[in-house]
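These notes are about the structure you will find just below.
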Amino acid sequence: MTNKTIDFLNILHLRGPNIWTYRSVLEAWVDIHDLEDCPSNVIPGLPDRLTKMLPTLIEHRCSIGERGGFVKRLHDGTWPGHILEHVTLELQNLAGMSGGFGKARETSERGVYKVVIRAWQKDVSLAALNMGRDLLMAAIEDRPYDVDAAVAKLRDLVDDYMLGPSTRCIVEAAADKDRRIPYIRLLAEANLVQLGYGARQRRIWTAETDRTPAIAESIASEKDLTKTLLSSCGVPVPEGEVVASVEEAISAAEDIGYPVVVKPTDGNHARGVFTNIMTAEEVAAAFPLAAAEGSEVMVERFIRGTEHRILVVGGKMVAANMGEAVSVIGDGKSTIDELIETQINTDPRRGVEHEFPLYVISLDRFPAAKMEVERQGFTGSSVPPEGHEVMIVRTSNMAFDVTDEVHPDTAELACLAARIVGLDIAGIDLVCEDISKPLDQQRGAIVEVNAGPGLLMHIKPAVGQPRPVGEAIVAHLFEKDEDSRIPVVGVTGSRGKTPVARLIAHLLRLSGQYTGLACSEGVFLDGRQVETPEGTNWDAAERVLMNRSVEAAVFENSCRSILSDGTVYDRCLVGVVTNVDPEMHFGEFYIDSAEKVWNVFRTQVDLVLSYGVAVLNAEDPAVVEMAPLSDGEVIFYGVDGNNEAIVAARAEGKRAVFVKDGAIVLATGAEEVPVARLARIAMLANGAGEKPGVLSNLLGAVAGAWALGVAPDIIRAGVKPYDPTAPLRAD
């Protein structure tokens, strides 16, 4: 009896750099059972069925390296594990997560593959992986599969779990190749993100930052207070007053003079805002709707013109958008509700998800639009005469870029308004008839100051040029040459990781840096043990990078932690590899050969920054082979200064650490600096130095500290009395 199914044996979420890539991935262990005997070219009709289900697979280049490469592989014959990789990636593409890394590799067990896919977010990618398996099985068995429903569900998950467009554009700007600022998502289902590590981090929450004062945010939410402050500084604002009842609202409107605006004092996204109100009856109708959207209601002078949004970042205008009036033209047959659907909502730029720059309009969902239609004598079920224009919304989405048209005086007024309120990032709403002219020439005014403004209108305008607002916010948070990274050290190897990591952290602390350490003995902050369980797991290590006091961090990376989680940091300043035991296999991960073990440990060297250092044990040939993989400098260490790798490195003027005449020596080319005599180092006393690996670990730690810029005098002072067996300091 045959078993032509696809089963997941295990799915790992590798959150950080791993043996496959620098990015977060899902690694699925997939058993294709008897489908191992059924490549795609022997399953009748499979390639055609699959490409009919997913026509966009034609864009996958695959190993062939050209458009249509994967489809060619389908017709030539490829296995379900490989097909699953491409199907899953394409489902993610269709859900809005374009591009992505993928791999499919055989294991030593027949029919079992490792399928690896880029995972922007675990829940979304896991759903895509399961859908990919179901879709593939449907194609194999010639059954229908609702691709549209699957993609719609994925898009819902994207909306639930992925970063919103405003936050995402900032994060992408930070991670850009020109900045390479690392980031940590601090809340799994919210937009709170840390940019940078440890003491050099900044935080954002959508378009608010840790430089956004709470007082300023509170002021911005109180529209009446905001207007008072702006007016006191000479910024033009519409006259108005806060009212507590329909009667007060009507009285205020009559005092100000029609037309007026009725709106909540602390609402947002234009909810409950009614403009161009002409009568007491309209005021009475608008008041309860505005009150439902905020704590108080304001009546103010209506300003003729169009609403605009100016984005101010760090005291500078970086983008500006304009709203647009939306109307329909009667055909003598269709109702206004029908005309809205056919003439407005069919615009492909309109949608309910964040990715759409224009929203879907409905009279039932927008009371202001309903009032606008009713004041013209219609309802949603009315059929206007042919050719008759019916205004639906006087100011819709501000998604029309006008950045290059803003008059300099108006831009300066917007920046002044942000400064008065105290916001580092602000969306300044103003109304005027011509944005290219000063406000005072047209009775224009600033009507609102928004904290945490949405950025989608600027990064994806309906009309006009997208603006690099994410880059502007990153530049506001980090100066051009400012380093967002603290010194990060990663230590790996078959043996000796913990003592090397602990001693490096000790020397860093002596150099005056508040140091975090996550190792197999726990988590330490500035020498204090704050967590006693195993500290090489991802969550414990990440807490070190999230700590704003930490100025340098040291991490022990076991083979298992790299295989099960990846590394917690994206890159490191120093990477230490102590040794590679070719006999130490990890069969539970299908790592069952010396080559595969070596490939795991090389991950540490791959992560060394171009201005960083790989610290390698010169006495382990497998470790020496990793030297060409380092993007940065290489420092070899070993007991014997005549070691071939050390001699060759010194001949090229490079650095090395070894023992000579009974002392640890730091060498740069021919220059040698003795650090400490072995006889005076406490950890080597009473024969301890004769134990396998003890002296080698000491040299590795010394080399790591030297690579970090710790001065020889501090290294000497730190290693001589150091006792690795001393009791740990508990918090």
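Note on naming: chains are A, B, ... as they come in the structure tokens, residues start from 1 per chain, ligands start from 1 in the order shown.
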
- [ ] Enumerate the residues of range 323-481 of chain A with a DSSP assignment of strand (DSSP E), computed from the backbone, and present them as a PyMOL selection string.
- [x] chain A and resi 326-329+389-393+400-401+425-432+445-451

- [ ] Enter the distance from CA of Ala28 in chain A to CA of Trp598 in chain A, in Å, rounded to one decimal.
- [x] 21.5 Å

Open item on the list: Applying 8 Å and only C-alpha atoms, which residues near Thr212 in chain A remain after dropping the ones on its own chain fewer than 6 positions away? List them as a PyMOL selection string.
Closed with: chain A and resi 422-425

Mind writing the picked residues with C-alpha atoms as a PDB file, in the first residue's frame?
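Result file is result05.pdb:
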```
ATOM      1  CA  GLY A 422       6.343  70.082  21.347  1.00  0.00           C
ATOM      2  CA  LEU A 423       6.172  67.181  18.886  1.00  0.00           C
ATOM      3  CA  ASP A 424       9.247  65.791  17.150  1.00  0.00           C
ATOM      4  CA  ILE A 425       7.010  64.152  14.521  1.00  0.00           C
TER       5      ILE A 425
END
```

- [ ] Please report, as a PyMOL selection string, each residue of range 93-159 of chain A to which DSSP assigns alpha helix (DSSP H) when run on this structure's backbone.
- [x] chain A and resi 93-94+122-140+147-159

Residues from last step as file, N, CA, C and O atoms, as a short mmCIF file (atom, residue, chain, number, x, y, z; two decimals), in the first residue's frame:
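What ended up in part_28.cif:
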```
data_model
loop_
_atom_site.label_atom_id
_atom_site.label_comp_id
_atom_site.auth_asym_id
_atom_site.auth_seq_id
_atom_site.Cartn_x
_atom_site.Cartn_y
_atom_site.Cartn_z
N ASN A 93 3.85 35.92 -1.39
CA ASN A 93 3.92 37.03 -2.34
C ASN A 93 2.54 37.60 -2.61
O ASN A 93 2.33 38.83 -2.59
N LEU A 94 1.58 36.72 -2.88
CA LEU A 94 0.22 37.17 -3.21
C LEU A 94 -0.45 37.85 -2.03
O LEU A 94 -1.35 38.68 -2.22
N LYS A 122 6.00 34.75 12.14
CA LYS A 122 5.84 33.31 12.31
C LYS A 122 4.43 32.83 11.97
O LYS A 122 4.24 31.87 11.20
N ASP A 123 3.40 33.44 12.55
CA ASP A 123 2.03 32.96 12.37
C ASP A 123 1.60 33.02 10.91
O ASP A 123 0.95 32.11 10.40
N VAL A 124 1.97 34.11 10.23
CA VAL A 124 1.59 34.27 8.83
C VAL A 124 2.29 33.23 7.96
O VAL A 124 1.67 32.56 7.13
N SER A 125 3.60 33.07 8.17
CA SER A 125 4.35 32.13 7.34
C SER A 125 3.97 30.68 7.63
O SER A 125 3.96 29.84 6.73
N LEU A 126 3.63 30.39 8.89
CA LEU A 126 3.18 29.04 9.24
C LEU A 126 1.86 28.72 8.54
O LEU A 126 1.66 27.61 8.01
N ALA A 127 0.97 29.70 8.50
CA ALA A 127 -0.29 29.50 7.79
C ALA A 127 -0.03 29.30 6.30
O ALA A 127 -0.65 28.44 5.66
N ALA A 128 0.88 30.08 5.73
CA ALA A 128 1.21 29.95 4.31
C ALA A 128 1.80 28.58 4.02
O ALA A 128 1.51 27.97 2.98
N LEU A 129 2.63 28.08 4.92
CA LEU A 129 3.24 26.76 4.74
C LEU A 129 2.18 25.66 4.72
O LEU A 129 2.20 24.76 3.86
N ASN A 130 1.23 25.73 5.64
CA ASN A 130 0.16 24.73 5.67
C ASN A 130 -0.74 24.84 4.44
O ASN A 130 -1.15 23.83 3.87
N MET A 131 -1.03 26.07 4.04
CA MET A 131 -1.82 26.25 2.82
C MET A 131 -1.07 25.73 1.60
O MET A 131 -1.66 25.14 0.69
N GLY A 132 0.24 25.97 1.59
CA GLY A 132 1.05 25.49 0.47
C GLY A 132 1.01 23.98 0.36
O GLY A 132 0.89 23.42 -0.75
N ARG A 133 1.08 23.30 1.49
CA ARG A 133 0.99 21.83 1.48
C ARG A 133 -0.39 21.38 0.96
O ARG A 133 -0.49 20.47 0.13
N ASP A 134 -1.47 22.04 1.44
CA ASP A 134 -2.81 21.66 1.01
C ASP A 134 -3.01 21.92 -0.48
O ASP A 134 -3.62 21.11 -1.20
N LEU A 135 -2.51 23.06 -0.95
CA LEU A 135 -2.64 23.39 -2.37
C LEU A 135 -1.87 22.38 -3.23
O LEU A 135 -2.38 21.90 -4.25
N LEU A 136 -0.67 22.05 -2.81
CA LEU A 136 0.14 21.10 -3.57
C LEU A 136 -0.51 19.72 -3.62
O LEU A 136 -0.55 19.07 -4.68
N MET A 137 -1.05 19.27 -2.50
CA MET A 137 -1.72 17.97 -2.49
C MET A 137 -2.96 18.00 -3.40
O MET A 137 -3.26 17.01 -4.09
N ALA A 138 -3.67 19.13 -3.41
CA ALA A 138 -4.83 19.24 -4.30
C ALA A 138 -4.39 19.14 -5.76
O ALA A 138 -5.07 18.49 -6.58
N ALA A 139 -3.28 19.77 -6.09
CA ALA A 139 -2.78 19.71 -7.46
C ALA A 139 -2.32 18.30 -7.82
O ALA A 139 -2.56 17.82 -8.93
N ILE A 140 -1.68 17.63 -6.88
CA ILE A 140 -1.22 16.26 -7.12
C ILE A 140 -2.40 15.32 -7.33
O ILE A 140 -2.40 14.46 -8.23
N VAL A 147 -7.72 29.16 -4.15
CA VAL A 147 -6.52 29.98 -3.93
C VAL A 147 -6.91 31.37 -3.43
O VAL A 147 -6.27 31.91 -2.52
N ASP A 148 -7.96 31.96 -4.01
CA ASP A 148 -8.36 33.31 -3.61
C ASP A 148 -8.73 33.37 -2.13
O ASP A 148 -8.37 34.32 -1.42
N ALA A 149 -9.44 32.35 -1.65
CA ALA A 149 -9.83 32.32 -0.23
C ALA A 149 -8.60 32.18 0.65
O ALA A 149 -8.52 32.81 1.72
N ALA A 150 -7.64 31.37 0.23
CA ALA A 150 -6.42 31.19 1.01
C ALA A 150 -5.63 32.50 1.09
O ALA A 150 -5.16 32.88 2.16
N VAL A 151 -5.51 33.18 -0.04
CA VAL A 151 -4.76 34.44 -0.06
C VAL A 151 -5.49 35.49 0.79
O VAL A 151 -4.85 36.27 1.52
N ALA A 152 -6.83 35.52 0.71
CA ALA A 152 -7.60 36.47 1.53
C ALA A 152 -7.36 36.21 3.01
O ALA A 152 -7.21 37.16 3.81
N LYS A 153 -7.33 34.93 3.40
CA LYS A 153 -7.07 34.61 4.81
C LYS A 153 -5.67 35.04 5.22
O LYS A 153 -5.47 35.58 6.32
N LEU A 154 -4.72 34.82 4.32
CA LEU A 154 -3.35 35.25 4.63
C LEU A 154 -3.28 36.76 4.79
O LEU A 154 -2.57 37.28 5.66
N ARG A 155 -4.00 37.48 3.95
CA ARG A 155 -3.99 38.95 4.05
C ARG A 155 -4.59 39.40 5.38
O ARG A 155 -4.14 40.40 5.96
N ASP A 156 -5.62 38.70 5.82
CA ASP A 156 -6.18 39.02 7.13
C ASP A 156 -5.14 38.81 8.23
O ASP A 156 -5.03 39.60 9.17
N LEU A 157 -4.38 37.72 8.12
CA LEU A 157 -3.33 37.44 9.10
C LEU A 157 -2.23 38.50 9.04
O LEU A 157 -1.68 38.89 10.07
N VAL A 158 -1.90 38.94 7.83
CA VAL A 158 -0.92 40.01 7.67
C VAL A 158 -1.39 41.26 8.42
O VAL A 158 -0.63 41.91 9.13
N ASP A 159 -2.67 41.58 8.25
CA ASP A 159 -3.23 42.76 8.91
C ASP A 159 -3.21 42.60 10.42
O ASP A 159 -3.00 43.56 11.16
#
```

Task: 10 Å contact set for range 311-319 of chain A, only C-alpha atoms, chain neighbours under 6 positions out, as number ranges by chain - done: A: 207, 211, 401-404, 406, 408, 410-419, 423-429, 450, 453-455, 457-459, 466-469, 472-477

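With only C-alpha atoms as the atoms that count, the minimum distance from Asp146 in chain A to the choices A:Lys52, A:Arg443, A:Lys263, A:Arg349 is reached by A:Lys52.
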
Open item on the list: One decimal, in Å: what's the spacing between CA of Ala552 in chain A and CA of Ile715 in chain A?
Closed with: 16.3 Å

Open item on the list: For Ser295 in chain A, find every residue with an atom within 8 Å (counting only C-alpha atoms), except residues of its own chain fewer than 5 positions away, and show them as a PyMOL selection string.
Closed with: chain A and resi 264-266

Task: Residue nearest Leu186 in chain A among A:Ala291, A:Ile303, A:Val283, A:Leu545 (counting only C-alpha atoms) - done: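 Of the candidates, the smallest distance to Leu186 in chain A is held by A:Leu545.
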
Open item on the list: Between A:Met298, A:Leu74, A:Leu26, A:Leu195, which residue has the minimum interatomic distance to Pro39 in chain A, considering only C-alpha atoms?
Closed with: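 Selected residue with least distance to Pro39 in chain A: A:Leu74.
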
Range 185-208 of chain A residues near range 564-580 of chain A within 12 Å, closest pair each, using only C-alpha atoms, as a tab-separated table:
```
residue	atom	partner	partner_atom	distance
A:Gly196	CA	A:Tyr569	CA	10.5
A:Tyr197	CA	A:Tyr569	CA	9.0
A:Gly198	CA	A:Tyr569	CA	11.4
```

For N, CA and C atoms, I'd like the residues from the last selection saved as a CSV table (one decimal), in the first residue's frame.
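Generated file (again-v9.csv):
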```csv
chain,number,residue,atom,x,y,z
A,196,GLY,N,18.2,49.5,16.9
A,196,GLY,CA,19.5,49.5,17.6
A,196,GLY,C,19.5,48.6,18.8
A,197,TYR,N,20.7,48.4,19.4
A,197,TYR,CA,20.9,47.5,20.5
A,197,TYR,C,21.3,48.2,21.8
A,198,GLY,N,20.8,47.7,22.9
A,198,GLY,CA,21.3,48.1,24.2
A,198,GLY,C,21.2,49.6,24.4
```

Write out as a compact mmCIF listing (two decimals) with C-alpha atoms, in the first residue's frame the residues lying within 6 Å of range 98-107 of chain A, counting only C-alpha atoms and excluding same-chain residues fewer than 2 positions away.
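What ended up in part07.txt:
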```txt
# COMPACT_ATOMS: atom_id res chain seq x y z
CA HIS A 82 11.10 21.74 -3.72
CA ASN A 93 3.92 37.03 -2.34
CA GLY A 96 1.72 41.17 0.10
CA GLU A 109 16.51 9.87 5.69
CA VAL A 112 12.53 13.56 4.35
CA TYR A 113 13.46 17.08 3.29
CA LYS A 114 14.21 20.35 5.00
CA VAL A 115 12.07 23.04 3.39
CA VAL A 116 13.11 26.56 4.36
CA ILE A 117 11.06 29.70 3.68
CA ARG A 118 11.49 33.33 4.63
```

Open item on the list: So, with only C-alpha atoms as the atoms that count, which of A:Gly527, A:Ala707, A:Asn697, A:Pro692 lies closest to Thr668 in chain A?
Closed with: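 Selected residue with least distance to Thr668 in chain A: A:Ala707.
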